[in-house]
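Structure below is final.csv: CSV, C-alpha atoms.
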```csv
chain,number,residue,atom,x,y,z
A,16,MET,CA,-20.1,-30.3,-8.1
A,17,SER,CA,-20.8,-30.6,-4.4
A,18,ASP,CA,-20.4,-27.8,-1.9
A,19,SER,CA,-17.2,-29.4,-0.6
A,20,THR,CA,-15.4,-28.3,-3.8
A,21,CYS,CA,-15.2,-24.8,-2.5
A,22,GLN,CA,-14.4,-25.2,1.2
A,23,SER,CA,-11.5,-23.2,2.6
A,24,GLU,CA,-8.4,-24.9,3.8
A,25,PRO,CA,-6.3,-23.8,6.7
A,26,SER,CA,-4.4,-20.7,5.7
A,27,THR,CA,-0.6,-20.8,5.7
A,28,GLY,CA,0.3,-17.2,6.1
A,29,ALA,CA,0.1,-14.0,4.1
A,30,VAL,CA,2.6,-15.0,1.3
A,31,LEU,CA,1.0,-15.1,-2.1
A,32,ASP,CA,2.3,-17.4,-4.8
A,33,GLU,CA,2.3,-17.0,-8.6
A,34,GLN,CA,-1.2,-18.4,-8.9
A,35,ASP,CA,-2.6,-16.0,-6.3
A,36,ARG,CA,-0.9,-13.1,-8.2
A,37,ALA,CA,-2.5,-14.3,-11.4
A,38,ILE,CA,-5.9,-14.1,-9.8
A,39,VAL,CA,-5.2,-10.5,-8.5
A,40,LEU,CA,-4.1,-9.4,-11.9
A,41,ALA,CA,-7.2,-11.0,-13.6
A,42,THR,CA,-9.7,-9.4,-11.1
A,43,GLN,CA,-8.3,-6.1,-10.1
A,44,SER,CA,-10.4,-4.2,-12.6
A,45,GLY,CA,-13.5,-6.3,-11.6
A,46,LEU,CA,-15.1,-9.7,-11.3
A,47,PRO,CA,-17.1,-11.1,-14.3
A,48,LEU,CA,-20.8,-10.7,-13.6
A,49,VAL,CA,-21.7,-14.3,-14.6
A,50,SER,CA,-23.2,-17.2,-12.7
A,51,ASP,CA,-19.9,-18.8,-12.0
A,52,PRO,CA,-17.4,-16.0,-11.8
A,53,TRP,CA,-14.7,-18.3,-10.4
A,54,ALA,CA,-14.8,-20.4,-13.6
A,55,ALA,CA,-14.7,-17.3,-15.7
A,56,VAL,CA,-11.6,-16.0,-13.9
A,57,GLY,CA,-10.1,-19.5,-14.0
A,58,GLN,CA,-10.6,-19.8,-17.7
A,59,GLN,CA,-8.6,-16.6,-18.3
A,60,ILE,CA,-5.6,-17.9,-16.3
A,61,GLY,CA,-5.8,-21.6,-16.8
A,62,MET,CA,-7.0,-22.5,-13.3
A,63,SER,CA,-10.0,-24.5,-12.1
A,64,ALA,CA,-13.1,-22.7,-10.6
A,65,GLU,CA,-12.5,-24.6,-7.3
A,66,ASP,CA,-8.9,-23.4,-7.1
A,67,VAL,CA,-9.8,-19.8,-7.9
A,68,CYS,CA,-12.6,-19.8,-5.3
A,69,ARG,CA,-10.5,-21.5,-2.6
A,70,ARG,CA,-7.6,-19.1,-3.2
A,71,MET,CA,-9.8,-16.0,-3.1
A,72,GLN,CA,-11.4,-17.3,0.2
A,73,ARG,CA,-7.9,-17.6,1.6
A,74,MET,CA,-6.9,-14.1,0.4
A,75,GLN,CA,-10.0,-12.8,2.2
A,76,GLU,CA,-9.2,-14.7,5.4
A,77,ILE,CA,-5.7,-13.1,5.5
A,78,GLY,CA,-7.0,-9.7,4.7
A,79,VAL,CA,-5.4,-9.3,1.2
A,80,ILE,CA,-9.0,-9.0,-0.1
A,81,ARG,CA,-11.1,-6.7,2.2
A,82,ARG,CA,-14.2,-8.0,0.5
A,83,ILE,CA,-15.7,-8.5,-3.0
A,84,ALA,CA,-18.2,-5.8,-3.3
A,85,ALA,CA,-20.2,-3.3,-5.3
A,86,VAL,CA,-18.5,0.1,-5.3
A,87,PRO,CA,-21.1,2.8,-5.9
A,88,ASN,CA,-20.6,6.1,-7.5
A,89,HIS,CA,-21.5,8.4,-4.6
A,90,TYR,CA,-23.1,11.1,-6.7
A,91,ARG,CA,-25.3,8.8,-8.7
A,92,LEU,CA,-26.8,7.4,-5.5
A,93,GLY,CA,-27.7,10.9,-4.4
A,94,TYR,CA,-24.7,11.3,-2.0
A,95,VAL,CA,-23.8,14.6,-3.6
A,96,ALA,CA,-22.0,16.0,-0.5
A,97,ASN,CA,-18.8,14.2,0.1
A,98,GLY,CA,-16.7,15.9,2.7
A,99,MET,CA,-13.2,15.1,3.7
A,100,THR,CA,-13.0,16.4,7.2
A,101,VAL,CA,-9.5,17.1,8.5
A,102,TRP,CA,-8.6,17.8,12.1
A,103,ASP,CA,-5.6,19.1,14.0
A,104,ILE,CA,-5.4,16.8,16.9
A,105,GLU,CA,-2.9,16.8,19.8
A,106,ASP,CA,-0.5,14.0,19.0
A,107,ASP,CA,-0.8,12.2,22.4
A,108,LYS,CA,-4.5,11.9,22.0
A,109,ILE,CA,-4.9,10.9,18.4
A,110,ASP,CA,-4.8,7.1,18.8
A,111,ARG,CA,-7.7,7.1,21.2
A,112,LEU,CA,-9.7,9.9,19.4
A,113,GLY,CA,-9.1,8.4,16.0
A,114,ARG,CA,-10.7,5.2,17.1
A,115,GLU,CA,-13.7,7.1,18.5
A,116,VAL,CA,-14.1,9.1,15.3
A,117,ALA,CA,-14.0,5.9,13.3
A,118,ARG,CA,-16.9,4.5,15.3
A,119,HIS,CA,-19.2,7.3,14.2
A,120,PRO,CA,-21.6,5.6,11.7
A,121,GLY,CA,-21.2,8.3,9.0
A,122,VAL,CA,-17.5,8.0,8.8
A,123,SER,CA,-16.4,5.7,5.9
A,124,HIS,CA,-12.6,6.1,6.1
A,125,CYS,CA,-10.5,7.4,9.0
A,126,TYR,CA,-6.8,7.8,9.0
A,127,ARG,CA,-3.9,9.5,10.8
A,128,ARG,CA,-1.7,11.3,8.2
A,129,PRO,CA,1.4,13.5,8.5
A,130,ARG,CA,1.1,17.3,8.9
A,131,HIS,CA,2.8,19.6,6.4
A,132,LEU,CA,3.5,22.6,8.6
A,133,PRO,CA,3.1,25.5,8.5
A,134,LYS,CA,0.3,25.4,5.9
A,135,TRP,CA,-1.3,22.1,6.7
A,136,PRO,CA,-1.6,21.3,10.4
A,137,TYR,CA,-4.2,18.5,10.0
A,138,ASN,CA,-3.3,15.0,11.1
A,139,LEU,CA,-6.7,13.2,11.3
A,140,PHE,CA,-8.8,12.6,8.2
A,141,ALA,CA,-12.4,11.3,8.3
A,142,MET,CA,-14.6,11.0,5.2
A,143,LEU,CA,-18.3,11.9,5.6
A,144,HIS,CA,-21.0,11.4,3.0
A,145,GLY,CA,-24.4,13.0,2.8
A,146,ARG,CA,-27.3,13.9,0.5
A,147,SER,CA,-26.7,17.6,1.3
A,148,ARG,CA,-23.9,19.7,2.8
A,149,GLU,CA,-26.1,20.4,5.8
A,150,GLU,CA,-26.1,16.6,6.5
A,151,VAL,CA,-22.3,16.5,6.3
A,152,GLU,CA,-22.0,19.6,8.5
A,153,ARG,CA,-24.3,18.1,11.1
A,154,GLN,CA,-22.1,15.0,11.2
A,155,ALA,CA,-19.0,17.1,11.4
A,156,GLU,CA,-20.5,19.0,14.4
A,157,GLU,CA,-21.0,15.7,16.1
A,158,LEU,CA,-17.4,14.8,15.5
A,159,ALA,CA,-16.3,18.2,16.8
A,160,ALA,CA,-18.3,17.7,20.0
A,161,LEU,CA,-16.7,14.3,20.4
A,162,LEU,CA,-13.2,15.7,19.9
A,163,GLY,CA,-13.7,18.7,22.1
A,164,HIS,CA,-10.6,20.8,22.9
A,165,ALA,CA,-8.2,18.1,21.6
A,166,SER,CA,-9.1,19.4,18.1
A,167,ARG,CA,-7.4,22.8,17.6
A,168,ASP,CA,-8.9,23.4,14.2
A,169,HIS,CA,-10.8,21.5,11.4
A,170,LEU,CA,-12.0,21.9,7.9
A,171,ILE,CA,-14.4,20.2,5.5
A,172,LEU,CA,-13.1,19.8,2.0
A,173,TYR,CA,-15.9,19.0,-0.3
A,174,SER,CA,-15.3,17.1,-3.5
A,175,SER,CA,-16.6,19.1,-6.4
A,176,ARG,CA,-15.7,16.7,-9.2
A,177,ILE,CA,-14.5,13.2,-9.8
A,178,LEU,CA,-11.5,13.5,-12.0
A,179,LYS,CA,-10.7,9.8,-12.1
A,180,LYS,CA,-12.0,6.7,-10.4
A,181,THR,CA,-10.6,3.4,-11.7
A,182,GLY,CA,-9.9,1.7,-8.4
A,183,LEU,CA,-6.5,0.3,-7.7
A,184,ARG,CA,-4.5,-1.2,-10.6
A,185,LEU,CA,-2.0,-3.3,-8.9
A,186,ALA,CA,0.4,-4.6,-11.5
A,187,VAL,CA,1.7,-7.4,-9.4
A,188,ASP,CA,5.3,-8.4,-10.0
A,189,SER,CA,6.7,-11.8,-9.4
A,190,PRO,CA,7.9,-12.0,-5.8
A,191,GLU,CA,11.5,-11.0,-5.5
A,192,ARG,CA,12.0,-13.0,-2.4
A,193,THR,CA,12.2,-16.8,-2.7
B,26,MET,CA,-8.2,10.4,-20.5
B,27,SER,CA,-10.9,13.0,-20.2
B,28,ALA,CA,-11.1,14.7,-16.9
B,29,SER,CA,-14.8,15.4,-16.9
B,30,THR,CA,-16.8,12.4,-18.3
B,31,THR,CA,-18.3,11.2,-15.0
B,32,LYS,CA,-22.1,11.5,-14.9
B,33,HIS,CA,-23.4,13.5,-12.0
B,34,ASP,CA,-27.1,12.7,-12.5
B,35,ILE,CA,-28.7,11.0,-9.6
B,36,ALA,CA,-29.8,7.6,-10.8
B,37,GLU,CA,-33.4,6.5,-10.8
B,38,LEU,CA,-33.5,3.3,-8.9
B,39,ASP,CA,-36.3,0.9,-8.1
B,40,ASP,CA,-36.6,-1.2,-5.0
B,41,ILE,CA,-34.8,-4.1,-6.5
B,42,ASP,CA,-31.9,-1.9,-7.5
B,43,ARG,CA,-31.7,-0.6,-4.0
B,44,GLN,CA,-31.8,-4.0,-2.4
B,45,ILE,CA,-29.0,-5.2,-4.7
B,46,ILE,CA,-26.8,-2.1,-4.1
B,47,ASN,CA,-27.3,-2.3,-0.3
B,48,ARG,CA,-26.7,-6.0,-0.1
B,49,LEU,CA,-23.7,-6.1,-2.4
B,50,GLN,CA,-21.8,-3.2,-0.8
B,51,ASP,CA,-21.6,-5.5,2.1
B,52,GLY,CA,-19.7,-8.2,0.1
B,53,LEU,CA,-20.3,-11.2,-2.1
B,54,PRO,CA,-19.8,-14.5,-0.3
B,55,ILE,CA,-16.9,-16.5,-1.8
B,56,VAL,CA,-18.8,-19.7,-2.3
B,57,GLU,CA,-19.9,-21.8,-5.2
B,58,ALA,CA,-22.5,-19.9,-7.3
B,59,PRO,CA,-22.3,-16.8,-5.2
B,60,PHE,CA,-24.8,-14.7,-7.2
B,61,ALA,CA,-27.4,-17.5,-6.8
B,62,VAL,CA,-26.9,-17.3,-3.0
B,63,VAL,CA,-27.4,-13.6,-3.0
B,64,ALA,CA,-30.4,-13.8,-5.4
B,65,GLN,CA,-32.1,-16.3,-3.1
B,66,GLU,CA,-31.5,-14.0,-0.1
B,67,LEU,CA,-33.2,-11.1,-2.1
B,68,GLY,CA,-35.9,-13.3,-3.4
B,69,ILE,CA,-35.2,-12.8,-7.1
B,70,GLU,CA,-33.8,-14.9,-9.9
B,71,GLU,CA,-30.1,-15.2,-10.3
B,72,ARG,CA,-30.4,-14.2,-14.0
B,73,ARG,CA,-32.3,-11.1,-13.0
B,74,LEU,CA,-29.7,-10.1,-10.4
B,75,LEU,CA,-26.9,-10.5,-12.9
B,76,GLU,CA,-28.8,-8.4,-15.5
B,77,ARG,CA,-29.4,-5.7,-13.0
B,78,LEU,CA,-25.8,-5.7,-11.8
B,79,ASN,CA,-24.6,-5.4,-15.4
B,80,ASP,CA,-26.9,-2.5,-16.0
B,81,LEU,CA,-25.9,-0.7,-12.8
B,82,ARG,CA,-22.2,-1.1,-13.7
B,83,GLU,CA,-22.8,-0.1,-17.4
B,84,SER,CA,-24.7,3.0,-16.5
B,85,GLY,CA,-22.0,4.0,-13.9
B,86,VAL,CA,-24.2,3.8,-10.8
B,87,LEU,CA,-21.6,1.3,-9.7
B,88,SER,CA,-18.0,2.4,-10.5
B,89,ARG,CA,-16.9,-1.2,-10.2
B,90,PHE,CA,-17.8,-4.6,-8.9
B,91,GLY,CA,-15.1,-6.8,-7.6
B,92,PRO,CA,-12.5,-7.6,-5.0
B,93,MET,CA,-11.2,-4.7,-3.0
B,94,TYR,CA,-7.6,-5.5,-2.5
B,95,HIS,CA,-5.5,-4.3,0.5
B,96,ALA,CA,-2.6,-2.7,-1.4
B,97,GLU,CA,-0.1,-2.9,1.4
B,98,ARG,CA,-0.8,-6.5,2.2
B,99,LEU,CA,-0.2,-7.3,-1.4
B,100,GLY,CA,3.3,-5.8,-1.0
B,101,GLY,CA,2.3,-2.6,-2.8
B,102,GLY,CA,2.5,1.1,-1.9
B,103,LEU,CA,-0.5,3.4,-1.3
B,104,THR,CA,-0.7,7.0,-0.4
B,105,LEU,CA,-3.0,10.1,-0.6
B,106,ALA,CA,-1.4,13.1,-2.3
B,107,ALA,CA,-2.6,16.7,-2.8
B,108,MET,CA,-1.7,19.5,-5.2
B,109,SER,CA,-2.5,23.2,-5.5
B,110,ILE,CA,-3.3,24.0,-9.1
B,111,PRO,CA,-4.3,27.4,-10.5
B,112,ASP,CA,-7.8,27.3,-12.0
B,113,ILE,CA,-6.7,28.1,-15.6
B,114,TYR,CA,-4.3,25.1,-15.6
B,115,PHE,CA,-6.5,22.8,-13.6
B,116,ASN,CA,-7.9,20.6,-16.4
B,117,ALA,CA,-4.6,20.3,-18.2
B,118,VAL,CA,-2.8,19.2,-15.0
B,119,ALA,CA,-5.7,16.8,-14.2
B,120,GLU,CA,-5.1,15.1,-17.5
B,121,GLN,CA,-1.4,14.9,-16.9
B,122,VAL,CA,-1.9,13.4,-13.4
B,123,ASN,CA,-4.6,11.0,-14.5
B,124,ALA,CA,-2.4,9.7,-17.3
B,125,PHE,CA,-0.3,8.0,-14.6
B,126,ALA,CA,-1.7,4.4,-14.2
B,127,GLU,CA,-0.7,4.6,-10.5
B,128,VAL,CA,-3.4,7.2,-9.9
B,129,ALA,CA,-6.4,5.2,-8.7
B,130,HIS,CA,-8.8,8.0,-7.8
B,131,ASN,CA,-8.6,11.7,-8.2
B,132,TYR,CA,-11.0,14.3,-6.8
B,133,ARG,CA,-11.3,18.0,-7.1
B,134,ARG,CA,-11.8,19.5,-3.7
B,135,GLU,CA,-12.7,23.0,-2.6
B,136,HIS,CA,-9.5,24.3,-0.9
B,137,ARG,CA,-6.2,25.9,-1.9
B,138,LEU,CA,-5.1,22.2,-2.2
B,139,ASN,CA,-7.7,21.5,-4.9
B,140,MET,CA,-6.5,18.2,-6.4
B,141,TRP,CA,-6.5,15.1,-4.2
B,142,PHE,CA,-5.5,11.7,-5.5
B,143,VAL,CA,-4.7,8.2,-4.3
B,144,LEU,CA,-1.5,6.5,-5.7
B,145,ALA,CA,-1.2,2.7,-5.7
B,146,THR,CA,2.1,1.2,-6.7
B,147,GLU,CA,3.7,-2.2,-7.1
B,148,THR,CA,6.2,-1.5,-4.3
B,149,PRO,CA,6.3,1.0,-1.4
B,150,GLU,CA,9.5,2.5,-2.8
B,151,ARG,CA,7.8,3.3,-6.1
B,152,ILE,CA,5.5,5.9,-4.4
B,153,LEU,CA,8.3,8.5,-4.2
B,154,GLU,CA,9.4,7.9,-7.7
B,155,VAL,CA,5.9,8.4,-9.1
B,156,ILE,CA,5.5,11.6,-7.0
B,157,ALA,CA,8.7,12.9,-8.4
B,158,ALA,CA,7.6,12.0,-11.9
B,159,ILE,CA,4.3,13.9,-11.4
B,160,GLU,CA,6.1,16.9,-10.0
B,161,SER,CA,8.4,16.9,-13.0
B,162,ALA,CA,5.6,16.4,-15.6
B,163,THR,CA,3.4,19.1,-14.1
B,164,GLY,CA,5.8,21.5,-12.6
B,165,TYR,CA,3.8,21.7,-9.3
B,166,PRO,CA,4.7,20.3,-5.9
B,167,VAL,CA,2.9,17.2,-4.6
B,168,TYR,CA,2.1,16.9,-0.9
B,169,ASN,CA,2.5,13.3,0.2
B,170,MET,CA,0.1,12.3,3.0
B,171,PRO,CA,0.6,8.5,3.5
B,172,LYS,CA,-1.5,7.0,6.2
B,173,GLN,CA,0.3,6.5,9.5
B,174,GLU,CA,-2.6,4.7,11.1
B,175,GLU,CA,-5.8,3.2,9.7
B,176,PHE,CA,-8.7,3.6,12.1
B,177,HIS,CA,-11.5,2.6,9.8
B,178,VAL,CA,-12.2,1.7,6.2
B,179,ARG,CA,-15.8,0.7,5.4
B,180,LEU,CA,-17.7,2.6,2.8
B,181,TYR,CA,-21.4,1.9,3.0
B,182,LEU,CA,-23.9,4.2,1.3
B,183,PRO,CA,-27.4,2.9,1.9
B,184,VAL,CA,-30.1,3.8,-0.7
```
Just dump the structure as structure tokens.
Amino acid sequence: MSDSTCQSEPSTGAVLDEQDRAIVLATQSGLPLVSDPWAAVGQQIGMSAEDVCRRMQRMQEIGVIRRIAAVPNHYRLGYVANGMTVWDIEDDKIDRLGREVARHPGVSHCYRRPRHLPKWPYNLFAMLHGRSREEVERQAEELAALLGHASRDHLILYSSRILKKTGLRLAVDSPERT
Amino acid sequence: MSASTTKHDIAELDDIDRQIINRLQDGLPIVEAPFAVVAQELGIEERRLLERLNDLRESGVLSRFGPMYHAERLGGGLTLAAMSIPDIYFNAVAEQVNAFAEVAHNYRREHRLNMWFVLATETPERILEVIAAIESATGYPVYNMPKQEEFHVRLYLPV
């Protein structure tokens, strides 16, 4: 096989067809750890290695696949302090400040989410990971300094146990639209 | 499903493990013979890379290796949800919640809201149905906190 068998073709939009969906179903729990994973996936679903590779390239180009990657167990790598920091940010400042928080190198995920008043006033979530709680607290202080008075209150919710971690299982239906 | 089987021991890793973990958190290239490409970058044999990766996954140092799909772009629903469960019922309720295939991750956190899980469903509409089913199975309210804006998603834990 030459390199040209796995070149990407121009993408034609975000719509997935039946074959793309078959690839999603076959790989959502993981990619076979073999020399030619595309062939191994193709064998399961009756598709050529070239086709699997080309379709996965396209799905990555259009953002359906964020990336194909190793997902570590935080704890086993020594990241025993995993803090979900939550912030009560003035609504008219959250777009700008959310982007600034997201740029902090320690932040892995950063989202705006709805408040549940009166008990839950927090609308900005930023995940921090450290080898100790002190490390997470130091990063949280940096975020607090960055947010200033726009943050009325914040908390760090540490995870104390992983109860389940299977990754997404996206049982993909046939497209309803034709 | 057991609620407490995850190993918490910090793994003993050598330099090759560290290089592999760091390199592959960043993503496998989608090219022909992708592991050979990465092995060459790291200066090890492809067979060795695959053996190490298998071991890291088997031993739970890696929770998984594979494509990270963007649920919403696949037409699915995704949300973060939280519950407040009294300590004495916590394990039983964790088992009930984890039994839902739509629950992708579930963490215990130190707060009055002590159970936090991600739901991924085939369709956005299905999120509310699953939440209602969890409330009915457990008898406790579920706080739905869907993302309204995504500022950043990129987990990278260097070792």
Near range 79-93 of chain B, within 8 Å and counting only C-alpha atoms, which residues show up once chain neighbours fewer than 6 positions away are dropped, as a ChimeraX atom specification?
-> /A:42-46,48,80-88,91-92,180-182 /B:32,36
Dump as a ChimeraX atom specification the residues of chain B that approach chain A to within 7 Å, counting only C-alpha atoms.
-> /B:28-29,31,33-36,46,49-53,55-58,60,75,79,85-95,98-99,123,127,129-136,145-147,170-181,184
State, in Å with one decimal place, the distance from CA of Ile152 in chain B to CA of Asn169 in chain B.
->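 Going from CA of Ile152 in chain B over to CA of Asn169 in chain B covers 9.2 Å.
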Using only C-alpha atoms, find the one residue out of B:Ser109, B:Gln121, B:Ser161, B:Asn116 that sits nearest to Trp141 in chain B.
->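 Counting only C-alpha atoms, the residue closest to Trp141 in chain B is B:Ser109.
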Work out how far CA of Arg151 in chain B is from CA of Glu120 in chain B, in Å to one decimal.
->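 Atom-to-atom, CA of Glu120 in chain B and CA of Arg151 in chain B are spaced 20.9 Å apart.
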So how many Å separate CA of Phe125 in chain B and CA of Glu33 in chain A, to one decimal?
-> 25.8 Å
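Residue nearest Gly101 in chain B within the list B:Phe142, B:Pro149, B:Gly68, B:Ile113: B:Pro149 [criterion: smallest interatomic distance, only C-alpha atoms].
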Pull out range 39-55 of chain A, keep C-alpha atoms, and write it as a short mmCIF file (atom, residue, chain, number, x, y, z; two decimals), in the first residue's frame.
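See decode-v2.cif below for the written result:
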```cif
data_model
loop_
_atom_site.label_atom_id
_atom_site.label_comp_id
_atom_site.auth_asym_id
_atom_site.auth_seq_id
_atom_site.Cartn_x
_atom_site.Cartn_y
_atom_site.Cartn_z
CA VAL A 39 -18.47 5.21 15.67
CA LEU A 40 -20.22 2.17 17.11
CA ALA A 41 -17.19 -0.07 16.56
CA THR A 42 -14.71 2.36 18.16
CA GLN A 43 -16.61 4.17 20.92
CA SER A 44 -15.25 1.83 23.59
CA GLY A 45 -11.73 2.00 22.17
CA LEU A 46 -9.42 1.49 19.23
CA PRO A 47 -7.76 -1.93 18.79
CA LEU A 48 -4.11 -1.68 19.85
CA VAL A 49 -2.66 -3.38 16.80
CA SER A 50 -0.34 -2.29 14.04
CA ASP A 51 -3.15 -1.59 11.59
CA PRO A 52 -6.11 -0.47 13.72
CA TRP A 53 -8.05 0.72 10.67
CA ALA A 54 -7.97 -2.79 9.19
CA ALA A 55 -9.01 -4.30 12.53
#
```
